[in-house]
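K.L.:
My structure is in work_19.tsv, and what it holds is TSV, C-alpha atoms and all ligand atoms:
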```tsv
chain	number	residue	atom	x	y	z
A	1	MET	CA	-13.16	78.71	26.48
A	2	ALA	CA	-13.51	75.00	25.80
A	3	THR	CA	-10.19	73.18	25.91
A	4	PHE	CA	-8.99	70.99	23.07
A	5	LYS	CA	-9.89	67.97	25.18
A	6	ASP	CA	-13.44	69.24	25.63
A	7	ARG	CA	-13.72	69.62	21.87
A	8	ILE	CA	-12.70	66.00	21.38
A	9	GLU	CA	-15.19	64.81	23.99
A	10	GLY	CA	-17.94	66.87	22.36
A	11	LEU	CA	-17.23	65.44	18.95
A	12	LYS	CA	-17.12	61.96	20.40
A	13	GLY	CA	-20.60	62.23	21.85
A	14	GLU	CA	-21.97	63.61	18.62
A	15	PHE	CA	-20.26	60.88	16.58
A	16	GLU	CA	-21.78	58.09	18.72
A	17	THR	CA	-25.30	59.44	18.17
A	18	VAL	CA	-24.90	59.91	14.43
A	19	ALA	CA	-23.15	56.56	13.96
A	20	ASP	CA	-25.95	54.66	15.67
A	21	ARG	CA	-28.38	55.96	13.07
A	22	VAL	CA	-26.49	54.65	10.07
A	23	LYS	CA	-28.75	52.18	8.23
A	24	ASP	CA	-27.09	51.57	4.87
A	25	ALA	CA	-23.84	51.64	2.97
A	26	LYS	CA	-24.47	55.13	1.60
A	27	ALA	CA	-24.98	56.59	5.10
A	28	LEU	CA	-21.87	54.78	6.26
A	29	GLU	CA	-19.85	56.32	3.45
A	30	ASP	CA	-21.17	59.80	4.43
A	31	LEU	CA	-20.32	59.18	8.07
A	32	LYS	CA	-16.80	58.20	7.15
A	33	ASN	CA	-16.37	61.32	5.01
A	34	LYS	CA	-17.85	63.61	7.61
A	35	TYR	CA	-15.37	62.61	10.29
A	36	LEU	CA	-12.36	61.22	8.47
A	37	GLY	CA	-12.56	62.93	5.05
A	38	ARG	CA	-9.17	64.12	3.95
A	39	LYS	CA	-10.08	67.77	3.49
A	40	LYS	CA	-13.16	68.61	5.52
A	41	GLY	CA	-13.33	65.72	7.95
A	42	LEU	CA	-14.05	66.85	11.51
A	43	VAL	CA	-11.36	64.64	13.01
A	44	THR	CA	-8.94	65.65	10.29
A	45	GLY	CA	-9.72	69.27	11.20
A	46	LEU	CA	-8.80	68.67	14.82
A	47	PHE	CA	-5.40	67.36	13.72
A	48	GLU	CA	-4.88	70.72	11.97
A	49	GLU	CA	-5.84	72.56	15.14
A	50	LEU	CA	-3.53	70.42	17.25
A	51	LYS	CA	-0.63	72.28	15.63
A	52	SER	CA	-1.55	75.47	17.50
A	53	VAL	CA	-2.11	73.90	20.91
A	54	PRO	CA	0.46	75.11	23.49
A	55	GLU	CA	3.53	72.87	23.67
A	56	ALA	CA	2.76	71.83	27.25
A	57	GLU	CA	-0.54	70.16	26.31
A	58	LYS	CA	0.30	68.95	22.81
A	59	ARG	CA	1.45	65.52	23.87
A	60	GLU	CA	-1.58	64.71	25.97
A	61	ASP	CA	-4.03	66.18	23.47
A	62	GLY	CA	-2.37	64.42	20.56
A	63	ARG	CA	-2.72	61.06	22.30
A	64	ALA	CA	-6.40	61.70	23.06
A	65	LEU	CA	-7.06	62.73	19.47
A	66	ASN	CA	-5.33	59.61	18.08
A	67	GLU	CA	-7.37	57.38	20.37
A	68	PHE	CA	-10.54	59.07	19.17
A	69	LYS	CA	-9.55	58.58	15.52
A	70	GLN	CA	-8.92	54.87	16.18
A	71	SER	CA	-12.32	54.48	17.82
A	72	VAL	CA	-13.98	56.18	14.82
A	73	LEU	CA	-12.19	53.78	12.45
A	74	MET	CA	-13.24	50.76	14.50
A	75	LYS	CA	-16.82	51.91	14.70
A	76	VAL	CA	-16.98	52.47	10.91
A	77	GLU	CA	-15.55	48.95	10.45
A	78	ALA	CA	-18.05	47.44	12.90
A	79	ILE	CA	-21.01	49.14	11.19
A	80	GLY	CA	-19.75	47.82	7.85
A	81	VAL	CA	-19.77	44.25	9.25
A	82	ARG	CA	-23.25	44.81	10.73
A	83	LEU	CA	-24.46	45.90	7.28
A	84	GLY	CA	-23.11	42.69	5.75
A	85	ARG	CA	-20.02	44.01	4.03
A	86	PRO	CA	-17.20	41.52	4.58
A	87	SER	CA	-14.26	42.96	6.50
A	88	PRO	CA	-10.90	43.16	4.71
A	89	THR	CA	-9.62	40.16	6.76
A	90	ASP	CA	-12.66	38.08	5.73
A	91	GLN	CA	-12.00	38.85	2.12
A	92	ILE	CA	-8.49	37.44	2.40
A	93	SER	CA	-9.49	34.20	4.15
A	94	ASN	CA	-12.32	33.56	1.68
A	95	HIS	CA	-9.92	33.31	-1.22
A	96	PRO	CA	-7.62	30.30	-1.54
A	97	ASP	CA	-3.98	31.19	-1.82
A	98	LEU	CA	-3.18	29.89	-5.29
A	99	THR	CA	0.53	30.25	-4.73
A	100	LEU	CA	0.61	27.55	-1.99
A	101	PRO	CA	2.01	24.14	-3.03
A	102	GLY	CA	-0.65	21.43	-3.56
A	103	ARG	CA	-1.30	18.75	-0.94
A	104	LEU	CA	0.09	15.34	-1.92
A	105	ARG	CA	-2.23	12.45	-1.21
A	106	TYR	CA	-0.80	8.94	-0.70
A	107	VAL	CA	-2.58	6.78	-3.26
A	108	GLY	CA	-1.19	3.42	-2.17
A	109	ALA	CA	0.92	0.93	-4.08
A	110	ALA	CA	1.14	-2.73	-4.99
A	111	HIS	CA	2.06	-5.04	-2.09
A	112	PRO	CA	5.71	-6.21	-2.16
A	113	LEU	CA	4.60	-9.85	-2.56
A	114	ILE	CA	2.54	-8.96	-5.62
A	115	LEU	CA	5.50	-7.05	-7.09
A	116	PHE	CA	7.65	-10.11	-6.48
A	117	GLN	CA	5.05	-12.45	-7.98
A	118	GLU	CA	5.01	-10.26	-11.09
A	119	GLU	CA	8.79	-10.53	-11.32
A	120	ILE	CA	8.48	-14.34	-11.28
A	121	GLU	CA	5.71	-14.19	-13.88
A	122	ARG	CA	7.86	-12.06	-16.19
A	123	ILE	CA	10.65	-14.65	-16.17
A	124	PHE	CA	8.26	-17.47	-17.15
A	125	LEU	CA	6.35	-15.36	-19.67
A	126	GLY	CA	9.73	-14.75	-21.29
A	127	MET	CA	10.13	-18.53	-21.70
A	128	GLY	CA	6.76	-18.85	-23.43
A	129	TYR	CA	4.64	-19.94	-20.44
A	130	THR	CA	1.06	-18.68	-20.01
A	131	ILE	CA	-0.65	-17.84	-16.71
A	132	GLU	CA	-3.76	-19.69	-15.42
A	133	GLU	CA	-5.51	-19.43	-12.08
A	134	GLY	CA	-7.73	-21.80	-10.09
A	135	PRO	CA	-10.16	-21.47	-7.14
A	136	GLU	CA	-8.94	-21.03	-3.56
A	137	ILE	CA	-11.79	-23.24	-2.30
A	138	GLU	CA	-11.23	-26.69	-3.79
A	139	THR	CA	-12.84	-30.09	-3.74
A	140	ASP	CA	-11.08	-33.03	-2.12
A	141	TYR	CA	-10.81	-34.52	-5.60
A	142	TYR	CA	-8.68	-31.73	-7.11
A	143	ASN	CA	-6.62	-30.97	-3.99
A	144	PHE	CA	-5.86	-34.64	-3.17
A	145	GLU	CA	-7.45	-37.54	-5.10
A	146	ALA	CA	-6.60	-36.57	-8.63
A	147	LEU	CA	-3.06	-35.83	-7.43
A	148	ASN	CA	-2.76	-39.42	-6.30
A	149	PHE	CA	-3.42	-38.98	-2.58
A	150	PRO	CA	-5.86	-41.80	-1.73
A	151	PRO	CA	-8.35	-40.98	1.09
A	152	HIS	CA	-6.29	-42.25	4.01
A	153	HIS	CA	-2.82	-41.68	2.60
A	154	PRO	CA	-0.41	-40.51	5.35
A	155	ALA	CA	0.97	-37.81	3.03
A	156	ARG	CA	-2.29	-35.91	3.59
A	157	ASP	CA	-1.20	-35.22	7.18
A	158	SER	CA	1.44	-32.69	6.19
A	159	TRP	CA	-1.14	-30.84	4.08
A	160	ASP	CA	-3.80	-30.37	6.74
A	161	THR	CA	-6.15	-27.45	6.22
A	162	LEU	CA	-9.55	-25.94	7.01
A	163	TYR	CA	-12.49	-27.94	5.70
A	164	ILE	CA	-15.65	-26.15	4.66
A	165	THR	CA	-17.60	-29.39	4.22
A	166	ASP	CA	-16.35	-33.00	4.08
A	167	ASP	CA	-15.64	-32.42	0.42
A	168	LEU	CA	-14.75	-28.70	0.21
A	169	LEU	CA	-11.56	-27.26	1.64
A	170	LEU	CA	-9.16	-24.33	1.42
A	171	ARG	CA	-6.60	-25.56	-1.07
A	172	THR	CA	-3.27	-26.52	0.50
A	173	HIS	CA	-1.23	-25.97	-2.66
A	174	THR	CA	-1.60	-24.72	-6.23
A	175	SER	CA	-1.14	-28.26	-7.62
A	176	PRO	CA	-4.92	-28.76	-8.16
A	177	VAL	CA	-4.62	-26.19	-10.93
A	178	GLN	CA	-2.37	-28.70	-12.76
A	179	ILE	CA	-5.37	-31.05	-12.92
A	180	ARG	CA	-7.77	-28.30	-14.01
A	181	VAL	CA	-5.37	-27.23	-16.78
A	182	MET	CA	-4.81	-30.80	-18.05
A	183	GLU	CA	-8.56	-31.46	-18.09
A	184	LYS	CA	-9.02	-28.45	-20.36
A	185	LYS	CA	-5.92	-28.47	-22.58
A	186	LYS	CA	-4.10	-31.10	-24.53
A	187	PRO	CA	-0.26	-31.15	-24.71
A	188	PRO	CA	1.94	-29.28	-25.37
A	189	ILE	CA	1.25	-27.51	-22.08
A	190	LEU	CA	3.46	-24.76	-20.64
A	191	VAL	CA	1.77	-22.89	-17.76
A	192	ILE	CA	2.32	-21.25	-14.40
A	193	ASN	CA	-0.43	-20.88	-11.79
A	194	PRO	CA	0.11	-18.30	-9.06
A	195	GLY	CA	-2.25	-18.04	-6.09
A	196	ARG	CA	-3.05	-18.11	-2.41
A	197	VAL	CA	-2.86	-21.38	-0.43
A	198	PHE	CA	-3.72	-22.38	3.15
A	199	ARG	CA	-2.28	-24.81	5.68
A	200	ARG	CA	-2.65	-25.67	9.32
A	201	GLU	CA	0.65	-24.08	10.34
A	202	THR	CA	1.74	-22.18	13.43
A	203	PRO	CA	3.25	-18.93	12.19
A	204	ASP	CA	7.01	-18.59	12.66
A	205	PRO	CA	9.69	-16.70	10.71
A	206	THR	CA	9.38	-19.06	7.71
A	207	HIS	CA	5.86	-20.55	8.04
A	208	LEU	CA	2.43	-18.96	7.66
A	209	PRO	CA	-1.08	-20.46	7.64
A	210	MET	CA	-1.78	-18.54	4.42
A	211	PHE	CA	0.80	-17.83	1.77
A	212	LEU	CA	1.36	-17.55	-1.98
A	213	GLN	CA	2.61	-20.24	-4.30
A	214	VAL	CA	3.32	-20.41	-7.97
A	215	GLU	CA	2.87	-23.74	-9.71
A	216	GLY	CA	4.53	-24.64	-12.99
A	217	LEU	CA	3.60	-27.43	-15.40
A	218	VAL	CA	5.16	-28.62	-18.63
A	219	VAL	CA	3.69	-31.55	-20.62
A	220	ASP	CA	4.84	-32.68	-24.05
A	221	GLU	CA	6.43	-35.57	-25.87
A	222	GLY	CA	10.00	-36.26	-24.80
A	223	VAL	CA	10.11	-34.05	-21.69
A	224	THR	CA	12.81	-35.21	-19.25
A	225	PHE	CA	14.25	-34.44	-15.82
A	226	ALA	CA	16.97	-32.46	-17.61
A	227	HIS	CA	14.29	-29.96	-18.70
A	228	LEU	CA	13.12	-29.66	-15.11
A	229	LYS	CA	16.64	-29.04	-13.82
A	230	GLY	CA	17.69	-26.69	-16.59
A	231	THR	CA	14.53	-24.58	-16.39
A	232	LEU	CA	14.55	-24.26	-12.61
A	233	GLU	CA	18.25	-23.38	-12.52
A	234	TYR	CA	17.72	-20.76	-15.20
A	235	PHE	CA	14.74	-19.35	-13.30
A	236	ILE	CA	16.53	-19.16	-9.93
A	237	HIS	CA	19.55	-17.50	-11.48
A	238	ALA	CA	17.34	-15.00	-13.29
A	239	LEU	CA	15.69	-14.16	-9.97
A	240	PHE	CA	18.70	-14.17	-7.62
A	241	GLY	CA	21.64	-13.55	-9.93
A	242	GLU	CA	24.22	-15.90	-11.43
A	243	LYS	CA	26.18	-16.39	-8.21
A	244	ILE	CA	23.44	-17.96	-6.07
A	245	LYS	CA	24.12	-21.59	-5.04
A	246	VAL	CA	21.29	-24.04	-5.85
A	247	ARG	CA	20.93	-27.69	-4.83
A	248	PHE	CA	18.45	-30.42	-5.78
A	249	ARG	CA	17.52	-32.87	-3.03
A	250	PRO	CA	15.56	-36.13	-3.55
A	251	SER	CA	12.08	-35.95	-2.05
A	252	PHE	CA	8.62	-37.44	-2.22
A	253	PHE	CA	5.30	-36.15	-3.52
A	254	PRO	CA	2.42	-38.51	-4.41
A	255	PHE	CA	1.92	-36.73	-7.75
A	256	THR	CA	5.52	-36.71	-9.02
A	257	GLU	CA	8.06	-39.48	-9.57
A	258	PRO	CA	10.94	-38.93	-9.14
A	259	SER	CA	10.63	-35.84	-6.96
A	260	ALA	CA	13.11	-33.22	-5.86
A	261	GLU	CA	13.10	-30.28	-3.51
A	262	VAL	CA	15.21	-27.29	-4.42
A	263	ASP	CA	17.19	-25.32	-1.86
A	264	ILE	CA	19.11	-22.10	-2.29
A	265	GLU	CA	21.86	-20.88	0.02
A	266	CYS	CA	20.55	-18.91	2.99
A	267	ILE	CA	20.86	-15.30	1.98
A	268	VAL	CA	20.05	-14.07	5.48
A	269	CYS	CA	23.09	-15.63	7.24
A	270	GLU	CA	25.06	-16.80	4.17
A	271	GLY	CA	25.70	-20.07	5.98
A	272	GLN	CA	27.63	-18.25	8.70
A	273	ASP	CA	25.16	-18.35	11.60
A	274	LYS	CA	24.70	-21.70	13.34
A	275	SER	CA	21.62	-20.35	15.14
A	276	CYS	CA	20.05	-18.61	12.09
A	277	ARG	CA	16.25	-18.60	12.52
A	278	VAL	CA	15.71	-18.77	8.75
A	279	CYS	CA	17.85	-21.79	7.77
A	280	GLY	CA	18.27	-23.34	11.21
A	281	GLY	CA	22.03	-23.14	10.79
A	282	THR	CA	22.13	-25.46	7.75
A	283	GLY	CA	23.03	-22.66	5.32
A	284	TRP	CA	20.24	-23.81	2.93
A	285	LYS	CA	16.58	-22.98	2.58
A	286	GLU	CA	13.99	-24.96	0.62
A	287	ILE	CA	12.03	-22.79	-1.80
A	288	LEU	CA	10.22	-25.29	-4.02
A	289	GLY	CA	9.08	-28.85	-4.60
A	290	SER	CA	9.24	-30.42	-8.04
A	291	GLY	CA	9.28	-33.67	-9.98
A	292	MET	CA	8.27	-35.60	-13.08
A	293	VAL	CA	4.47	-35.88	-13.37
A	294	ASP	CA	3.41	-39.30	-12.03
A	295	PRO	CA	1.87	-41.55	-14.75
A	296	GLN	CA	-1.16	-42.11	-12.49
A	297	VAL	CA	-1.87	-38.35	-12.59
A	298	PHE	CA	-1.81	-38.43	-16.41
A	299	LYS	CA	-4.26	-41.34	-16.37
A	300	ASN	CA	-6.59	-39.34	-14.07
A	301	VAL	CA	-6.88	-36.64	-16.75
A	302	ASN	CA	-6.88	-38.95	-19.77
A	303	ILE	CA	-3.43	-38.08	-21.05
A	304	ASP	CA	-1.51	-41.09	-22.34
A	305	PRO	CA	1.60	-41.58	-20.13
A	306	GLU	CA	3.18	-43.78	-22.82
A	307	LYS	CA	3.15	-40.88	-25.24
A	308	TYR	CA	3.61	-37.84	-23.01
A	309	SER	CA	5.79	-36.90	-20.10
A	310	GLY	CA	6.01	-33.77	-18.02
A	311	TRP	CA	7.39	-32.02	-14.99
A	312	ALA	CA	5.97	-29.68	-12.40
A	313	PHE	CA	7.05	-27.46	-9.56
A	314	GLY	CA	5.47	-25.50	-6.72
A	315	LEU	CA	7.35	-22.50	-5.30
A	316	GLY	CA	6.62	-20.62	-2.07
A	317	ILE	CA	6.49	-16.96	-3.10
A	318	ASP	CA	6.62	-15.44	0.40
A	319	ARG	CA	9.62	-17.45	1.46
A	320	THR	CA	11.48	-16.78	-1.77
A	321	ALA	CA	10.68	-13.06	-1.49
A	322	MET	CA	11.95	-13.06	2.09
A	323	LEU	CA	15.28	-14.50	0.93
A	324	ALA	CA	15.47	-12.21	-2.09
A	325	ILE	CA	14.94	-9.13	0.07
A	326	GLY	CA	17.18	-10.50	2.81
A	327	ILE	CA	14.78	-10.13	5.75
A	328	PRO	CA	14.59	-12.69	8.59
A	329	GLU	CA	10.75	-12.75	8.89
A	330	MET	CA	7.95	-13.73	6.51
A	331	ARG	CA	5.39	-12.28	8.94
A	332	TYR	CA	6.51	-8.73	8.08
A	333	PHE	CA	4.62	-9.11	4.79
A	334	TYR	CA	1.28	-9.42	6.59
A	335	GLU	CA	1.65	-6.97	9.47
A	336	ASN	CA	0.70	-3.99	7.29
A	337	ASP	CA	3.29	-1.75	8.89
A	338	LEU	CA	3.62	1.12	6.43
A	339	ARG	CA	7.23	1.73	7.49
A	340	PHE	CA	8.01	-1.73	6.08
A	341	LEU	CA	5.68	-1.64	3.07
A	342	ARG	CA	6.70	1.83	1.84
A	343	GLN	CA	10.26	0.65	1.23
A	344	PHE	CA	8.96	-1.31	-1.76
A	345	ASP	CA	6.84	1.49	-3.18
A	346	LEU	CA	8.81	2.08	-6.33
A	347	LYS	CA	6.93	5.21	-7.42
A	401	LIG	N1	2.47	-28.92	-4.23
A	401	LIG	C1	3.71	-29.15	-3.58
A	401	LIG	C2	3.73	-28.40	-2.24
A	401	LIG	O1	2.89	-27.68	-1.96
A	401	LIG	C3	4.86	-28.70	-4.40
A	401	LIG	C4	5.02	-29.43	-5.71
A	401	LIG	C5	4.42	-28.96	-6.83
A	401	LIG	C6	5.77	-30.59	-5.77
A	401	LIG	C7	4.59	-29.59	-8.05
A	401	LIG	C8	5.95	-31.24	-6.97
A	401	LIG	C9	5.35	-30.75	-8.11
A	401	LIG	O2	4.59	-28.52	-1.45
```
Taking this structure as input, can you express it in the form of structure tokens?
Ligand code: PHE

P.N.:
Amino acid sequence: MATFKDRIEGLKGEFETVADRVKDAKALEDLKNKYLGRKKGLVTGLFEELKSVPEAEKREDGRALNEFKQSVLMKVEAIGVRLGRPSPTDQISNHPDLTLPGRLRYVGAAHPLILFQEEIERIFLGMGYTIEEGPEIETDYYNFEALNFPPHHPARDSWDTLYITDDLLLRTHTSPVQIRVMEKKKPPILVINPGRVFRRETPDPTHLPMFLQVEGLVVDEGVTFAHLKGTLEYFIHALFGEKIKVRFRPSFFPFTEPSAEVDIECIVCEGQDKSCRVCGGTGWKEILGSGMVDPQVFKNVNIDPEKYSGWAFGLGIDRTAMLAIGIPEMRYFYENDLRFLRQFDLK
């Protein structure tokens, strides 16, 4: 009599032949029922018979029967895939898991210098100033001549820049916008002009060949140096807080008379470090130039200096931002290191 093992082997051979003939889903379903069906399945039947196998062989025979059942299941699965029915695992991976958290994308943010420029603009807008901009490529006339720098004036040396032609250059300051504004508008004038400027500078912690300035200009009847001083002190205190120390130092600019430079105490070393790379150990750092508009400049734009007076200033935004943030390097702003920039992303 055939042993239980022989029966399994026989069924196996038969299954292989029948399985290879399966051509469609219906035949596959029949195959599955024929062998694995819960009531009349041939494999299922063998499990019933296993119960009456002598104890001594049960273990071995049971293992062989289980292996056969697994191979039938795998074959049915493989035929299903061959017929184009996606396997259960495919079905899972084809559907997105809607319970997963979404992926956050970094959308970028305003540059810290722009945020700082906007802070400056808000203070002046609050005092009734308007904002005007001028071109970064200027003519010699607007950058120098109209501002009272004659062609060979030595003051031009400290404002050296890149020339595009003999007459066109990258502006060295935002002061040419003063001229452009006064050509267009009649007093009273109350404007600020932010923008990028260029100079032949070797980069160091407090100098860059390209940086941002904001120019301010006030022209009206009866404007005095007291307005200049009061406005700039108010502005600096609004930006740095009431406690910051400010000093006005006499200076020279061809387009203002008298002129003053304004220093604030060095926030990086607080005047404590004799070898501070920001203030050079002086405890002070210059942040802007200013002065009363020179009568010759008024004449150049057909404003009567007997009737009107005015004052102007030009502030270095990068340097002021560096002090406000309390970092010892202006170059950080341009290195595009996200570890630095992300600290100012206020979102
Ligand atoms: N334009 C000057 C500079 O770049 C600053 C300044 C502006 C001085 C306005 C006086 C009046 O240094």

K.L.:
Taking all atoms listed in the file into account, which residues have an atom no farther than 10 Å from ligand LIG 401 (chain A)? I'd like them as an NGL selection string.

P.N.:
:A and (143 or 147 or 158-159 or 171-176 or 178 or 197-199 or 213-217 or 251-261 or 287-294 or 311-316)

K.L.:
What does the structure give for the distance between atom CA of Lys26 of chain A and atom CA of Thr44 of chain A, in Å to one decimal?

P.N.:
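Atom-to-atom, atom CA of Lys26 of chain A and atom CA of Thr44 of chain A are spaced 20.7 Å apart.
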
K.L.:
Contacts of Tyr308 of chain A at 9 Å or less, counting all atoms listed in the file, minus same-chain residues fewer than 2 places along, as a compact mmCIF listing (two decimals) with C-alpha atoms, in the frame of the given file?

P.N.:
```
# COMPACT_ATOMS: atom_id res chain seq x y z
CA PRO A 187 -0.26 -31.15 -24.71
CA VAL A 219 3.69 -31.55 -20.62
CA ASP A 220 4.84 -32.68 -24.05
CA GLU A 221 6.43 -35.57 -25.87
CA GLY A 222 10.00 -36.26 -24.80
CA VAL A 223 10.11 -34.05 -21.69
CA PHE A 298 -1.81 -38.43 -16.41
CA ILE A 303 -3.43 -38.08 -21.05
CA ASP A 304 -1.51 -41.09 -22.34
CA PRO A 305 1.60 -41.58 -20.13
CA GLU A 306 3.18 -43.78 -22.82
CA GLY A 310 6.01 -33.77 -18.02
```

K.L.:
Rank nothing, just name the residue among A:Val43, A:Ile189, A:Leu125, A:Ala324 nearest to Ser71 of chain A, using all atoms listed in the file.

P.N.:
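Residue with the minimum atom-to-atom distance to Ser71 of chain A: A:Val43.
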
K.L.:
Grab the atom CA of Pro250 of chain A to atom CA of Lys229 of chain A distance for me, in Å with one decimal place.

P.N.:
12.5 Å

K.L.:
Considering all atoms listed in the file, state which residue in the set A:Phe4, A:Phe248, A:Phe344, A:Phe124 is at the smallest distance from Lys285 of chain A.

P.N.:
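The answer is A:Phe248, which sits nearest to Lys285 of chain A.
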
K.L.:
For Thr3 of chain A, which of A:Leu104, A:Leu208, A:Leu115, A:Val53 is the closest residue, counting all atoms listed in the file?

P.N.:
A:Val53

K.L.:
In terms of the shortest atom-to-atom distance over all atoms listed in the file, which of A:Ala155, A:Ile164, A:Leu113, A:Leu31 is closest to Phe333 of chain A?

P.N.:
A:Leu113

K.L.:
Please report the interatomic distance between atom CA of Arg319 of chain A and atom CA of Phe225 of chain A in Å with one decimal.

P.N.:
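Result for atom CA of Arg319 of chain A versus atom CA of Phe225 of chain A: 24.7 Å, one decimal.
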
K.L.:
Write out as a ChimeraX atom specification the residues lying within 10 Å of segment 17-19 of chain A, counting all atoms listed in the file and excluding same-chain residues fewer than 4 positions away.

P.N.:
/A:12-13,23,27-28,31-32,72,75-76,79

K.L.:
Determine the nearest neighbour of Val81 of chain A from the options A:Gly128, A:Ile8, A:Ala25, A:Ile325, counting all atoms listed in the file.

P.N.:
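Closest candidate: A:Ala25.
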
K.L.:
List the neighbours of Arg196 of chain A out to 7 Å using only C-alpha atoms; skip same-chain residues closer than 4 positions along the sequence, and give me the result as a list in words.

P.N.:
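After dropping sequence-adjacent residues, the list is Glu136, Met210, Phe211, Leu212 and Gln213 of chain A.
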